[in-house]
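**Student:** This is data_10.tsv, which holds TSV, C-alpha atoms:
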```tsv
chain	number	residue	atom	x	y	z
A	297	MET	CA	-42.91	-24.73	51.25
A	298	ARG	CA	-41.65	-27.03	54.02
A	299	VAL	CA	-38.03	-28.07	54.51
A	300	PHE	CA	-38.79	-31.75	53.92
A	301	GLU	CA	-40.31	-30.91	50.53
A	302	ILE	CA	-37.00	-29.70	49.08
A	303	GLY	CA	-34.71	-31.92	51.16
A	304	GLU	CA	-31.28	-31.32	52.66
A	305	PHE	CA	-29.48	-30.57	49.42
A	306	GLY	CA	-32.24	-28.40	48.06
A	307	LEU	CA	-32.08	-26.37	51.25
A	308	ILE	CA	-28.28	-26.13	51.04
A	309	ALA	CA	-28.57	-24.91	47.45
A	310	LYS	CA	-31.03	-22.18	48.46
A	311	ILE	CA	-28.82	-21.11	51.38
A	312	ALA	CA	-25.72	-21.07	49.15
A	313	ALA	CA	-27.51	-18.94	46.58
A	314	LEU	CA	-28.69	-16.50	49.27
A	315	ILE	CA	-25.18	-16.17	50.73
A	316	ASP	CA	-23.71	-15.68	47.27
A	317	SER	CA	-26.22	-13.01	46.28
A	318	LYS	CA	-26.42	-10.94	49.46
A	319	SER	CA	-22.98	-11.09	51.10
A	320	ASN	CA	-20.60	-8.17	50.83
A	321	LYS	CA	-17.84	-9.65	48.67
A	322	ASN	CA	-15.59	-6.60	49.09
A	323	THR	CA	-14.39	-7.56	52.57
A	324	ASP	CA	-10.94	-9.07	53.11
A	325	SER	CA	-12.52	-12.29	54.34
A	326	TRP	CA	-14.38	-12.82	51.08
A	327	LYS	CA	-11.42	-11.76	48.94
A	328	ASN	CA	-9.20	-14.35	50.63
A	329	LEU	CA	-11.77	-17.16	50.53
A	330	LEU	CA	-10.62	-19.91	48.15
A	331	ILE	CA	-13.35	-22.54	48.62
A	332	GLY	CA	-16.69	-21.79	50.23
A	333	VAL	CA	-20.08	-23.50	50.54
A	334	GLY	CA	-20.41	-26.76	48.62
A	335	ASP	CA	-17.14	-28.66	49.15
A	336	ASP	CA	-15.93	-31.01	51.89
A	337	ALA	CA	-14.16	-28.14	53.66
A	338	ALA	CA	-13.70	-24.42	53.32
A	339	ALA	CA	-10.34	-22.90	52.46
A	340	TRP	CA	-8.89	-19.41	52.57
A	341	LYS	CA	-5.59	-17.58	52.37
A	342	ALA	CA	-4.20	-16.94	55.87
A	343	HIS	CA	-2.87	-13.57	56.91
A	344	GLY	CA	0.06	-13.05	59.24
A	345	GLY	CA	-0.87	-13.14	62.90
A	346	ILE	CA	-2.42	-15.50	65.43
A	347	GLU	CA	-5.40	-17.46	64.11
A	348	LEU	CA	-8.38	-18.05	66.42
A	349	ILE	CA	-11.47	-20.24	66.33
A	350	THR	CA	-14.52	-20.35	68.60
A	351	THR	CA	-17.84	-22.17	68.55
A	352	ASP	CA	-21.19	-21.67	70.23
A	353	ILE	CA	-24.59	-23.32	70.10
A	354	LEU	CA	-28.19	-22.14	70.40
A	355	VAL	CA	-30.80	-24.77	71.26
A	356	GLU	CA	-34.54	-24.19	70.99
A	357	GLY	CA	-36.12	-24.43	74.42
A	358	THR	CA	-32.83	-23.78	76.22
A	359	HIS	CA	-31.47	-20.60	74.64
A	360	PHE	CA	-34.53	-19.27	72.83
A	361	ARG	CA	-38.22	-19.76	72.13
A	362	LEU	CA	-39.69	-19.05	68.73
A	363	SER	CA	-42.79	-17.64	70.42
A	364	TYR	CA	-40.89	-14.39	71.00
A	365	THR	CA	-37.79	-14.76	68.80
A	366	GLU	CA	-37.97	-13.68	65.18
A	367	TRP	CA	-35.98	-15.78	62.71
A	368	HIS	CA	-33.88	-12.84	61.53
A	369	ASP	CA	-32.88	-12.02	65.12
A	370	LEU	CA	-32.07	-15.69	65.74
A	371	GLY	CA	-29.69	-15.73	62.80
A	372	TRP	CA	-28.08	-12.45	63.82
A	373	LYS	CA	-27.58	-13.50	67.44
A	374	SER	CA	-26.13	-16.91	66.55
A	375	ILE	CA	-23.21	-15.19	64.80
A	376	ALA	CA	-22.94	-12.17	67.11
A	377	ILE	CA	-22.30	-14.23	70.23
A	378	ASN	CA	-19.31	-15.82	68.50
A	379	ILE	CA	-18.00	-12.45	67.36
A	380	SER	CA	-17.97	-11.45	71.02
A	381	ASP	CA	-15.69	-14.42	71.82
A	382	ILE	CA	-13.21	-13.44	69.11
A	383	TYR	CA	-13.18	-9.83	70.31
A	384	ALA	CA	-12.60	-11.00	73.89
A	385	MET	CA	-9.33	-12.56	72.71
A	386	GLY	CA	-8.26	-9.38	70.94
A	387	GLY	CA	-9.00	-10.73	67.46
A	388	LYS	CA	-10.98	-9.81	64.37
A	389	PRO	CA	-13.55	-12.32	63.04
A	390	GLN	CA	-13.11	-13.81	59.57
A	391	TYR	CA	-14.92	-17.03	58.58
A	392	ALA	CA	-18.12	-18.65	59.86
A	393	LEU	CA	-19.30	-22.24	59.52
A	394	VAL	CA	-22.99	-22.84	60.19
A	395	SER	CA	-24.34	-26.21	61.40
A	396	LEU	CA	-28.11	-26.34	61.50
A	397	ALA	CA	-30.48	-29.03	62.79
A	398	MET	CA	-34.22	-28.56	62.58
A	399	PRO	CA	-37.55	-30.34	61.97
A	400	GLY	CA	-38.48	-30.93	58.35
A	401	LEU	CA	-41.86	-29.29	58.92
A	402	ARG	CA	-40.30	-25.87	59.38
A	403	GLU	CA	-40.94	-23.42	56.57
A	404	VAL	CA	-38.11	-22.86	54.08
A	405	GLU	CA	-38.90	-19.14	54.34
A	406	ASN	CA	-38.05	-19.29	58.06
A	407	VAL	CA	-34.61	-20.70	57.25
A	408	MET	CA	-34.06	-17.99	54.64
A	409	GLU	CA	-35.04	-15.29	57.15
A	410	MET	CA	-32.58	-16.75	59.66
A	411	PHE	CA	-29.76	-16.76	57.12
A	412	GLU	CA	-30.66	-13.19	56.15
A	413	GLY	CA	-29.93	-12.29	59.78
A	414	MET	CA	-26.63	-14.18	59.63
A	415	ILE	CA	-25.64	-12.45	56.40
A	416	ASP	CA	-26.53	-9.02	57.78
A	417	VAL	CA	-24.34	-9.41	60.86
A	418	CYS	CA	-21.54	-10.94	58.78
A	419	ASN	CA	-21.66	-8.02	56.35
A	420	LYS	CA	-21.42	-5.55	59.25
A	421	TYR	CA	-18.38	-7.25	60.78
A	422	GLY	CA	-16.60	-8.32	57.58
A	423	ILE	CA	-17.18	-12.07	57.95
A	424	ALA	CA	-17.57	-14.66	55.18
A	425	ILE	CA	-19.92	-17.62	55.65
A	426	ALA	CA	-17.71	-20.40	54.28
A	427	GLY	CA	-19.85	-23.51	54.73
A	428	GLY	CA	-21.58	-25.72	57.27
A	429	ASN	CA	-23.86	-28.70	57.70
A	430	ILE	CA	-27.58	-29.51	57.97
A	431	SER	CA	-29.39	-32.29	59.84
A	432	ALA	CA	-32.90	-33.20	60.93
A	433	SER	CA	-33.89	-32.89	64.59
A	434	GLU	CA	-36.94	-32.42	66.79
A	435	ASN	CA	-35.96	-28.86	67.73
A	436	VAL	CA	-34.03	-26.07	66.06
A	437	VAL	CA	-30.31	-26.22	66.91
A	438	ILE	CA	-27.78	-23.74	65.51
A	439	ASN	CA	-24.06	-24.27	66.00
A	440	ILE	CA	-21.63	-21.65	64.72
A	441	SER	CA	-17.88	-21.98	64.38
A	442	LEU	CA	-16.09	-18.69	63.80
A	443	THR	CA	-12.44	-18.07	63.01
A	444	GLY	CA	-10.50	-14.90	63.67
A	445	ILE	CA	-7.03	-13.45	63.63
A	446	ALA	CA	-5.16	-11.42	66.24
A	447	GLU	CA	-2.46	-9.08	64.98
A	448	ASN	CA	-1.44	-7.97	68.48
A	449	SER	CA	-0.82	-10.10	71.57
A	450	LEU	CA	-3.77	-12.16	72.76
A	451	MET	CA	-5.99	-11.30	75.69
A	452	THR	CA	-6.71	-14.29	77.92
A	453	ARG	CA	-8.50	-15.23	81.14
A	454	SER	CA	-5.31	-16.27	82.92
A	455	SER	CA	-3.29	-13.05	83.00
A	456	ALA	CA	-5.03	-10.96	85.70
A	457	LYS	CA	-2.78	-9.66	88.51
A	458	ALA	CA	-3.52	-8.42	92.01
A	459	GLY	CA	-3.93	-4.65	91.81
A	460	ASP	CA	-5.57	-4.72	88.38
A	461	LEU	CA	-8.74	-2.68	88.03
A	462	ILE	CA	-11.87	-4.46	86.74
A	463	ALA	CA	-14.02	-2.73	84.13
A	464	VAL	CA	-16.95	-3.45	81.82
A	465	PHE	CA	-18.30	-1.88	78.68
A	466	GLY	CA	-21.93	-1.02	78.16
A	467	TYR	CA	-24.79	-1.89	80.51
A	468	PRO	CA	-24.78	-5.51	81.72
A	469	GLY	CA	-28.23	-6.68	82.75
A	470	LEU	CA	-30.11	-5.29	79.75
A	471	SER	CA	-30.31	-8.70	78.08
A	472	ALA	CA	-31.74	-10.30	81.23
A	473	ALA	CA	-34.25	-7.46	81.48
A	474	GLY	CA	-35.19	-7.98	77.83
A	475	LEU	CA	-35.73	-11.69	78.41
A	476	ASN	CA	-37.87	-10.94	81.46
A	477	ALA	CA	-39.97	-8.47	79.47
A	478	LEU	CA	-40.44	-10.91	76.56
A	479	LYS	CA	-41.25	-13.98	78.64
A	480	ASN	CA	-43.62	-12.15	80.97
A	481	GLN	CA	-45.13	-9.96	78.25
A	482	ARG	CA	-44.55	-6.87	80.35
A	483	ASN	CA	-46.61	-3.85	79.36
A	484	LEU	CA	-43.79	-1.38	78.66
A	485	ASP	CA	-43.80	1.65	76.41
A	486	PRO	CA	-42.73	0.85	72.81
A	487	GLU	CA	-39.31	2.53	73.00
A	488	SER	CA	-38.37	0.76	76.23
A	489	MET	CA	-39.57	-2.58	74.88
A	490	LYS	CA	-37.63	-2.13	71.65
A	491	LEU	CA	-34.39	-1.37	73.49
A	492	LEU	CA	-34.74	-4.30	75.90
A	493	LYS	CA	-35.82	-6.69	73.15
A	494	ASN	CA	-32.81	-5.77	71.00
A	495	ALA	CA	-30.49	-6.15	73.99
A	496	HIS	CA	-31.54	-9.78	74.32
A	497	LEU	CA	-32.26	-10.83	70.74
A	498	HIS	CA	-30.05	-8.54	68.65
A	499	PRO	CA	-26.70	-8.00	70.44
A	500	GLU	CA	-24.18	-5.82	68.60
A	501	PRO	CA	-20.56	-6.28	69.74
A	502	ARG	CA	-18.67	-3.00	69.38
A	503	LEU	CA	-16.61	-3.00	66.20
A	504	ASP	CA	-12.94	-3.85	66.80
A	505	ILE	CA	-13.22	-3.38	70.57
A	506	GLY	CA	-10.99	-6.38	71.30
A	507	PRO	CA	-8.09	-5.38	69.04
A	508	LYS	CA	-8.25	-1.82	70.38
A	509	LEU	CA	-8.06	-3.05	73.97
A	510	ALA	CA	-5.13	-5.32	73.13
A	511	ALA	CA	-3.37	-2.41	71.42
A	512	CYS	CA	-3.78	-0.37	74.62
A	513	GLY	CA	-1.92	-3.07	76.54
A	514	VAL	CA	-4.84	-4.98	78.08
A	515	LYS	CA	-3.87	-8.61	78.74
A	516	THR	CA	-7.01	-10.03	80.38
A	517	ALA	CA	-10.58	-10.08	79.04
A	518	ILE	CA	-13.71	-12.18	78.74
A	519	ASP	CA	-17.10	-11.59	77.16
A	520	ILE	CA	-20.14	-11.49	79.42
A	521	SER	CA	-22.13	-14.51	78.32
A	522	ASP	CA	-22.87	-16.23	81.65
A	523	GLY	CA	-23.07	-13.10	83.86
A	524	VAL	CA	-20.63	-10.58	85.36
A	525	LEU	CA	-20.03	-12.66	88.49
A	526	SER	CA	-19.69	-15.96	86.69
A	527	ASP	CA	-17.38	-14.63	83.98
A	528	LEU	CA	-15.26	-12.66	86.46
A	529	ALA	CA	-14.95	-15.87	88.48
A	530	HIS	CA	-13.63	-17.58	85.33
A	531	ILE	CA	-10.88	-14.95	85.15
A	532	CYS	CA	-10.08	-15.24	88.85
A	533	GLU	CA	-9.90	-19.03	88.74
A	534	ALA	CA	-7.72	-19.08	85.63
A	535	SER	CA	-5.45	-16.34	87.00
A	536	LYS	CA	-5.39	-17.73	90.58
A	537	VAL	CA	-6.58	-14.45	92.08
A	538	SER	CA	-9.67	-13.07	93.83
A	539	ALA	CA	-11.69	-9.90	93.29
A	540	VAL	CA	-13.69	-7.16	94.97
A	541	LEU	CA	-16.79	-5.60	93.39
A	542	ARG	CA	-18.83	-2.60	94.57
A	543	THR	CA	-22.49	-2.40	93.55
A	544	LYS	CA	-22.40	1.42	93.76
A	545	ASP	CA	-19.93	1.44	90.87
A	546	LEU	CA	-21.95	-0.80	88.54
A	547	PRO	CA	-23.20	0.85	85.34
A	548	VAL	CA	-27.00	0.95	85.64
A	549	HIS	CA	-29.13	1.70	82.61
A	550	PRO	CA	-32.07	4.01	83.50
A	551	LEU	CA	-34.58	1.45	82.19
A	552	LEU	CA	-33.39	-1.12	84.73
A	553	LYS	CA	-34.05	1.24	87.64
A	554	GLN	CA	-37.34	2.35	86.14
A	555	HIS	CA	-38.88	-1.04	85.40
A	556	PHE	CA	-36.97	-3.56	87.57
A	557	GLN	CA	-36.44	-1.76	90.88
A	558	GLN	CA	-36.22	-4.93	92.96
A	559	ASP	CA	-34.13	-7.00	90.56
A	560	TYR	CA	-31.77	-4.78	88.59
A	561	ILE	CA	-28.62	-5.40	90.67
A	562	ASP	CA	-29.13	-9.14	90.35
A	563	MET	CA	-29.74	-8.74	86.60
A	564	ILE	CA	-26.50	-6.81	86.21
A	565	LEU	CA	-24.42	-9.29	88.20
A	566	THR	CA	-25.92	-12.59	87.08
A	567	GLY	CA	-28.13	-12.02	84.02
A	568	GLY	CA	-25.71	-12.99	81.26
A	569	GLU	CA	-26.05	-12.89	77.46
A	570	ASP	CA	-24.95	-9.23	77.33
A	571	TYR	CA	-21.90	-10.01	75.16
A	572	GLU	CA	-20.10	-6.93	76.42
A	573	LEU	CA	-16.43	-7.23	77.37
A	574	LEU	CA	-15.25	-7.44	80.97
A	575	PHE	CA	-11.51	-6.89	81.43
A	576	THR	CA	-8.79	-6.15	83.96
A	577	ALA	CA	-5.75	-3.90	83.65
A	578	PRO	CA	-3.24	-1.97	85.77
A	579	ARG	CA	-4.19	1.66	86.51
A	580	GLN	CA	-1.89	3.14	83.85
A	581	VAL	CA	-3.29	0.89	81.13
A	582	MET	CA	-6.86	1.50	82.32
A	583	ASP	CA	-6.29	5.26	82.06
A	584	THR	CA	-5.19	4.79	78.45
A	585	VAL	CA	-8.26	2.67	77.67
A	586	ILE	CA	-10.60	5.26	79.19
A	587	GLU	CA	-8.93	7.98	77.12
A	588	VAL	CA	-8.98	6.02	73.86
A	589	MET	CA	-12.30	4.14	74.00
A	590	LYS	CA	-15.48	6.16	73.54
A	591	PRO	CA	-17.84	5.45	75.20
A	592	ALA	CA	-15.43	4.51	77.95
A	593	PRO	CA	-15.74	1.43	80.16
A	594	THR	CA	-16.87	1.57	83.78
A	595	ILE	CA	-14.52	0.52	86.59
A	596	ILE	CA	-16.43	-1.76	88.97
A	597	GLY	CA	-13.74	-3.24	91.27
A	598	GLU	CA	-10.25	-4.60	91.53
A	599	ILE	CA	-8.32	-7.86	91.48
A	600	THR	CA	-6.93	-9.00	94.84
A	601	ALA	CA	-4.49	-11.65	96.04
A	602	GLY	CA	-6.98	-13.80	97.89
A	603	LYS	CA	-8.47	-17.26	97.39
A	604	PRO	CA	-8.56	-18.08	93.67
A	605	GLY	CA	-12.02	-17.53	92.22
A	606	GLU	CA	-13.42	-15.78	95.31
A	607	ILE	CA	-15.37	-12.56	94.70
A	608	THR	CA	-16.35	-10.22	97.54
A	609	ILE	CA	-19.26	-7.89	96.82
A	610	PHE	CA	-19.98	-4.68	98.73
A	611	ASP	CA	-23.35	-2.92	98.63
A	612	ALA	CA	-23.91	0.84	98.37
A	613	GLU	CA	-23.26	1.24	102.12
A	614	GLY	CA	-19.97	-0.65	101.92
A	615	LYS	CA	-21.34	-3.79	103.58
A	616	PRO	CA	-20.45	-7.24	102.18
A	617	ILE	CA	-23.39	-9.04	100.58
A	618	THR	CA	-23.98	-12.58	99.38
A	619	VAL	CA	-25.32	-13.40	95.92
A	620	ASP	CA	-26.52	-16.99	95.77
A	621	ASN	CA	-26.93	-17.10	91.99
A	622	ARG	CA	-23.52	-16.57	90.38
A	623	GLY	CA	-24.74	-16.76	86.76
A	624	TRP	CA	-25.72	-19.22	84.06
A	625	ASP	CA	-24.70	-22.86	84.26
A	626	HIS	CA	-26.46	-25.35	81.97
A	627	TYR	CA	-26.28	-28.26	84.41
A	628	LYS	CA	-26.62	-26.63	87.83
A	629	ARG	CA	-30.12	-25.26	87.48
A	630	ALA	CA	-33.19	-25.55	85.32
A	631	PRO	CA	-33.02	-23.47	82.14
A	632	SER	CA	-34.25	-19.94	82.77
A	633	ASN	CA	-33.45	-18.24	79.48
A	634	GLY	CA	-35.64	-20.31	77.20
```
Could you write out this structure as structure tokens?

**Tutor:**
Amino acid sequence: MRVFEIGEFGLIAKIAALIDSKSNKNTDSWKNLLIGVGDDAAAWKAHGGIELITTDILVEGTHFRLSYTEWHDLGWKSIAINISDIYAMGGKPQYALVSLAMPGLREVENVMEMFEGMIDVCNKYGIAIAGGNISASENVVINISLTGIAENSLMTRSSAKAGDLIAVFGYPGLSAAGLNALKNQRNLDPESMKLLKNAHLHPEPRLDIGPKLAACGVKTAIDISDGVLSDLAHICEASKVSAVLRTKDLPVHPLLKQHFQQDYIDMILTGGEDYELLFTAPRQVMDTVIEVMKPAPTIIGEITAGKPGEITIFDAEGKPITVDNRGWDHYKRAPSNG
């Protein structure tokens, strides 16, 4: 069955029925939802705390290609990248609105598979899909708006101080390696390919990592969507500070060294779409984070009182190096991740 055969409202009805039947209604988000899919707006009971909202968009041909992206993964990722934004502010995600544009010739089953992925990630993180919108378009476009709530003080990009240590969670660069492997159809062993593919198509933000960091006293954080260098530069510009990074301190996944010997440092620094958290904190706070968070983050540099936004990078021998590509920018270069 094609989308045009059942029309906009037929598709909405099928999506609403799928959400109703497969979502975990025992989460706080669902229990507090007053009006969901089907009305002019969603409504829910608000808890005490600071409410947050973020939005992100995935465009076919720019952010993904259906030649190597499964519909379930596409649905999962569209929500997960927004969860990462809420965590980066120290919040917990609550309600998602899904706006979808796509050609009418797409199969209805494809849309259902995509929403299955959305429902699965929402069930894992306690999120309710509360509504959305559908339109026709030449390509598939998914726009997610996600609300959240922060019970502790917020983490922002503008609170870094000279002397703060810079740290990251996980292994930045894996998503870029996964994209490279998918686009170039690299002949890797099945286990390596599965890990790299999931890193790019099926990101899994660590549960409650943002609130835990905020509770430790961290004030400054950002999620790695555009690349370590680009996102650190966002912090430095907003905080009017500079930074120093050392490549010898970067966390390097063994698969990057094994399969991408010439490119792995660049992938780590500029790859993007890892959706891990990068943050800064004074030494005492960083020690607390390392003690509390398991697995612990990796310290990769420090904030300095130099030119706002400037980042100095030292190689393994302690020599300054130049990285021309600072990360993803939609309008400064041709798309490379589609």

**Student:** I'd like the neighbourhood of stretch 467-470 of chain A as a ChimeraX atom specification, where a residue qualifies if any of its atoms comes within 9 Å (using all atoms listed in the file), though same-chain residues fewer than 6 positions away should be ignored.

**Tutor:** /A:491-493,495-496,520,523-524,546-549,551-552,560-572

**Student:** Set the distance at 12 Å and use all atoms listed in the file: which residues neighbour A:Phe300 once local chain neighbours fewer than 3 positions away are removed? I'd like the list as a PDB file with C-alpha atoms, in the coordinates of the input.

**Tutor:**
```pdb
ATOM      1  CA  MET A 297     -42.910 -24.730  51.250  1.00  0.00           C
ATOM      2  CA  GLY A 303     -34.710 -31.920  51.160  1.00  0.00           C
ATOM      3  CA  GLU A 304     -31.280 -31.320  52.660  1.00  0.00           C
ATOM      4  CA  PHE A 305     -29.480 -30.570  49.420  1.00  0.00           C
ATOM      5  CA  GLY A 306     -32.240 -28.400  48.060  1.00  0.00           C
ATOM      6  CA  LEU A 307     -32.080 -26.370  51.250  1.00  0.00           C
ATOM      7  CA  MET A 398     -34.220 -28.560  62.580  1.00  0.00           C
ATOM      8  CA  PRO A 399     -37.550 -30.340  61.970  1.00  0.00           C
ATOM      9  CA  GLY A 400     -38.480 -30.930  58.350  1.00  0.00           C
ATOM     10  CA  LEU A 401     -41.860 -29.290  58.920  1.00  0.00           C
ATOM     11  CA  ARG A 402     -40.300 -25.870  59.380  1.00  0.00           C
ATOM     12  CA  GLU A 403     -40.940 -23.420  56.570  1.00  0.00           C
ATOM     13  CA  VAL A 404     -38.110 -22.860  54.080  1.00  0.00           C
ATOM     14  CA  SER A 431     -29.390 -32.290  59.840  1.00  0.00           C
ATOM     15  CA  ALA A 432     -32.900 -33.200  60.930  1.00  0.00           C
ATOM     16  CA  SER A 433     -33.890 -32.890  64.590  1.00  0.00           C
TER      17      SER A 433
END
```

**Student:** In Å, how far is it from atom CA of A:Ala376 to atom CA of A:Val585?

**Tutor:** 23.4 Å

**Student:** Work out how far apart atom CA of A:Leu484 and atom CA of A:Asn406 are and give it in Å to one decimal.

**Tutor:** 27.9 Å

**Student:** Please determine, counting only C-alpha atoms, which residue among A:Thr351, A:Asn419, A:Thr358, A:Gln554 has the shortest atom-to-atom distance to A:Asn322.

**Tutor:** A:Asn419

**Student:** Which stretch 315-365 of chain A residues have any atom within 10 Å of an atom of stretch 439-447 of chain A, and for each, what is the nearest pair of atoms with distance in Å to one decimal, counting only C-alpha atoms, rows sorted by chain and number, as a tab-separated table?

**Tutor:**
```
residue	atom	partner	partner_atom	distance
A:Ser325	CA	A:Gly444	CA	9.9
A:Ala342	CA	A:Ile445	CA	9.0
A:His343	CA	A:Ile445	CA	7.9
A:Gly344	CA	A:Glu447	CA	7.4
A:Gly345	CA	A:Glu447	CA	4.8
A:Ile346	CA	A:Ala446	CA	5.0
A:Glu347	CA	A:Ile445	CA	4.4
A:Leu348	CA	A:Gly444	CA	4.7
A:Ile349	CA	A:Thr443	CA	4.1
A:Thr350	CA	A:Leu442	CA	5.3
A:Thr351	CA	A:Ser441	CA	4.2
A:Asp352	CA	A:Ile440	CA	5.5
A:Ile353	CA	A:Asn439	CA	4.2
A:Leu354	CA	A:Asn439	CA	6.4
A:Val355	CA	A:Asn439	CA	8.6
```

**Student:** Can you write just those residues out, C-alpha atoms, as an mmCIF file, in the coordinates of the input?

**Tutor:**
```
data_model
loop_
_atom_site.group_PDB
_atom_site.id
_atom_site.type_symbol
_atom_site.label_atom_id
_atom_site.label_comp_id
_atom_site.auth_asym_id
_atom_site.auth_seq_id
_atom_site.Cartn_x
_atom_site.Cartn_y
_atom_site.Cartn_z
ATOM 1 C CA SER A 325 -12.520 -12.290 54.340
ATOM 2 C CA ALA A 342 -4.200 -16.940 55.870
ATOM 3 C CA HIS A 343 -2.870 -13.570 56.910
ATOM 4 C CA GLY A 344 0.060 -13.050 59.240
ATOM 5 C CA GLY A 345 -0.870 -13.140 62.900
ATOM 6 C CA ILE A 346 -2.420 -15.500 65.430
ATOM 7 C CA GLU A 347 -5.400 -17.460 64.110
ATOM 8 C CA LEU A 348 -8.380 -18.050 66.420
ATOM 9 C CA ILE A 349 -11.470 -20.240 66.330
ATOM 10 C CA THR A 350 -14.520 -20.350 68.600
ATOM 11 C CA THR A 351 -17.840 -22.170 68.550
ATOM 12 C CA ASP A 352 -21.190 -21.670 70.230
ATOM 13 C CA ILE A 353 -24.590 -23.320 70.100
ATOM 14 C CA LEU A 354 -28.190 -22.140 70.400
ATOM 15 C CA VAL A 355 -30.800 -24.770 71.260
#
```

**Student:** Please indicate the distance in Å from atom CA of A:Val436 to atom CA of A:Leu396, rounded to one decimal place.

**Tutor:**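 Separating atom CA of A:Val436 from atom CA of A:Leu396 is a distance of 7.5 Å.
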
**Student:** Excluding A:Ser374 and residues on its chain fewer than 3 positions from it, collect all residues at most 12 Å away from it, counting all atoms listed in the file, and give them as a PyMOL selection string.

**Tutor:** chain A and resi 351-356+359-360+367-371+377-381+392-396+410-418+437-442+496-500+569+571

**Student:** Which polymer residues have any atom within 10 Å of an atom of A:Thr618, counting all atoms listed in the file, with same-chain residues fewer than 5 positions away left out, as a ChimeraX atom specification?

**Tutor:** /A:607-611

**Student:** Name the closest residue to A:His555 among the candidates A:Val299, A:Met582, A:Ala511, A:Met489; distances are taken between atoms, counting only C-alpha atoms.

**Tutor:**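 So, comparing all the options, the nearest one is A:Met489.
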
**Student:** Got a sec: who's within 8 Å of A:Val581, counting only C-alpha atoms, leaving out chain neighbours fewer than 2 positions off, as a PyMOL selection string?

**Tutor:** chain A and resi 512-514+577-579+583-585

**Student:** Restricting the calculation to all atoms listed in the file: of A:Gly334, A:Gly387, A:Gly357, A:Pro593, which residue gets closest to A:Pro507?

**Tutor:** A:Gly387

**Student:** Find the residue from A:Lys590, A:Lys420, A:Lys310, A:Lys508 that sits nearest to A:Phe465; use only C-alpha atoms when measuring.

**Tutor:**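 Checking each candidate against A:Phe465, we get A:Lys590 as the closest.
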
**Student:** Check the smallest atom-to-atom distance from each of A:Asn448, A:Thr323, A:Ser317, A:Ser538 to A:Asp460 using all atoms listed in the file, then report the winner.

**Tutor:** A:Ser538

**Student:** Just checking: using only C-alpha atoms, which residue out of A:Ser454, A:Asn328, A:Thr516, A:Asn483 ends up closest to A:Gly605?

**Tutor:**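 Using only C-alpha atoms, the shortest distance to A:Gly605 belongs to A:Ser454.
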
**Student:** For stretch 417-428 of chain A, supply N, CA and C atoms and format the output as a tab-separated table (two decimals), in the coordinates of the input.

**Tutor:**
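The resulting file, rebuild-v4.tsv, is reproduced below:
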```
chain	number	residue	atom	x	y	z
A	417	VAL	N	-25.36	-9.63	59.83
A	417	VAL	CA	-24.34	-9.41	60.86
A	417	VAL	C	-22.95	-9.68	60.30
A	418	CYS	N	-22.84	-10.65	59.40
A	418	CYS	CA	-21.54	-10.94	58.78
A	418	CYS	C	-21.09	-9.78	57.91
A	419	ASN	N	-22.02	-9.18	57.17
A	419	ASN	CA	-21.66	-8.02	56.35
A	419	ASN	C	-21.18	-6.86	57.21
A	420	LYS	N	-21.82	-6.66	58.37
A	420	LYS	CA	-21.42	-5.55	59.25
A	420	LYS	C	-20.02	-5.74	59.80
A	421	TYR	N	-19.66	-7.00	60.12
A	421	TYR	CA	-18.38	-7.25	60.78
A	421	TYR	C	-17.32	-7.84	59.84
A	422	GLY	N	-17.60	-7.88	58.54
A	422	GLY	CA	-16.60	-8.32	57.58
A	422	GLY	C	-16.31	-9.81	57.61
A	423	ILE	N	-17.33	-10.62	57.82
A	423	ILE	CA	-17.18	-12.07	57.95
A	423	ILE	C	-17.73	-12.76	56.70
A	424	ALA	N	-17.08	-13.83	56.28
A	424	ALA	CA	-17.57	-14.66	55.18
A	424	ALA	C	-18.14	-15.96	55.74
A	425	ILE	N	-19.36	-16.31	55.31
A	425	ILE	CA	-19.92	-17.62	55.65
A	425	ILE	C	-19.34	-18.62	54.65
A	426	ALA	N	-18.50	-19.54	55.16
A	426	ALA	CA	-17.71	-20.40	54.28
A	426	ALA	C	-18.24	-21.81	54.14
A	427	GLY	N	-19.32	-22.15	54.84
A	427	GLY	CA	-19.85	-23.51	54.73
A	427	GLY	C	-20.62	-23.91	55.97
A	428	GLY	N	-20.85	-25.22	56.11
A	428	GLY	CA	-21.58	-25.72	57.27
A	428	GLY	C	-22.17	-27.09	57.04
```
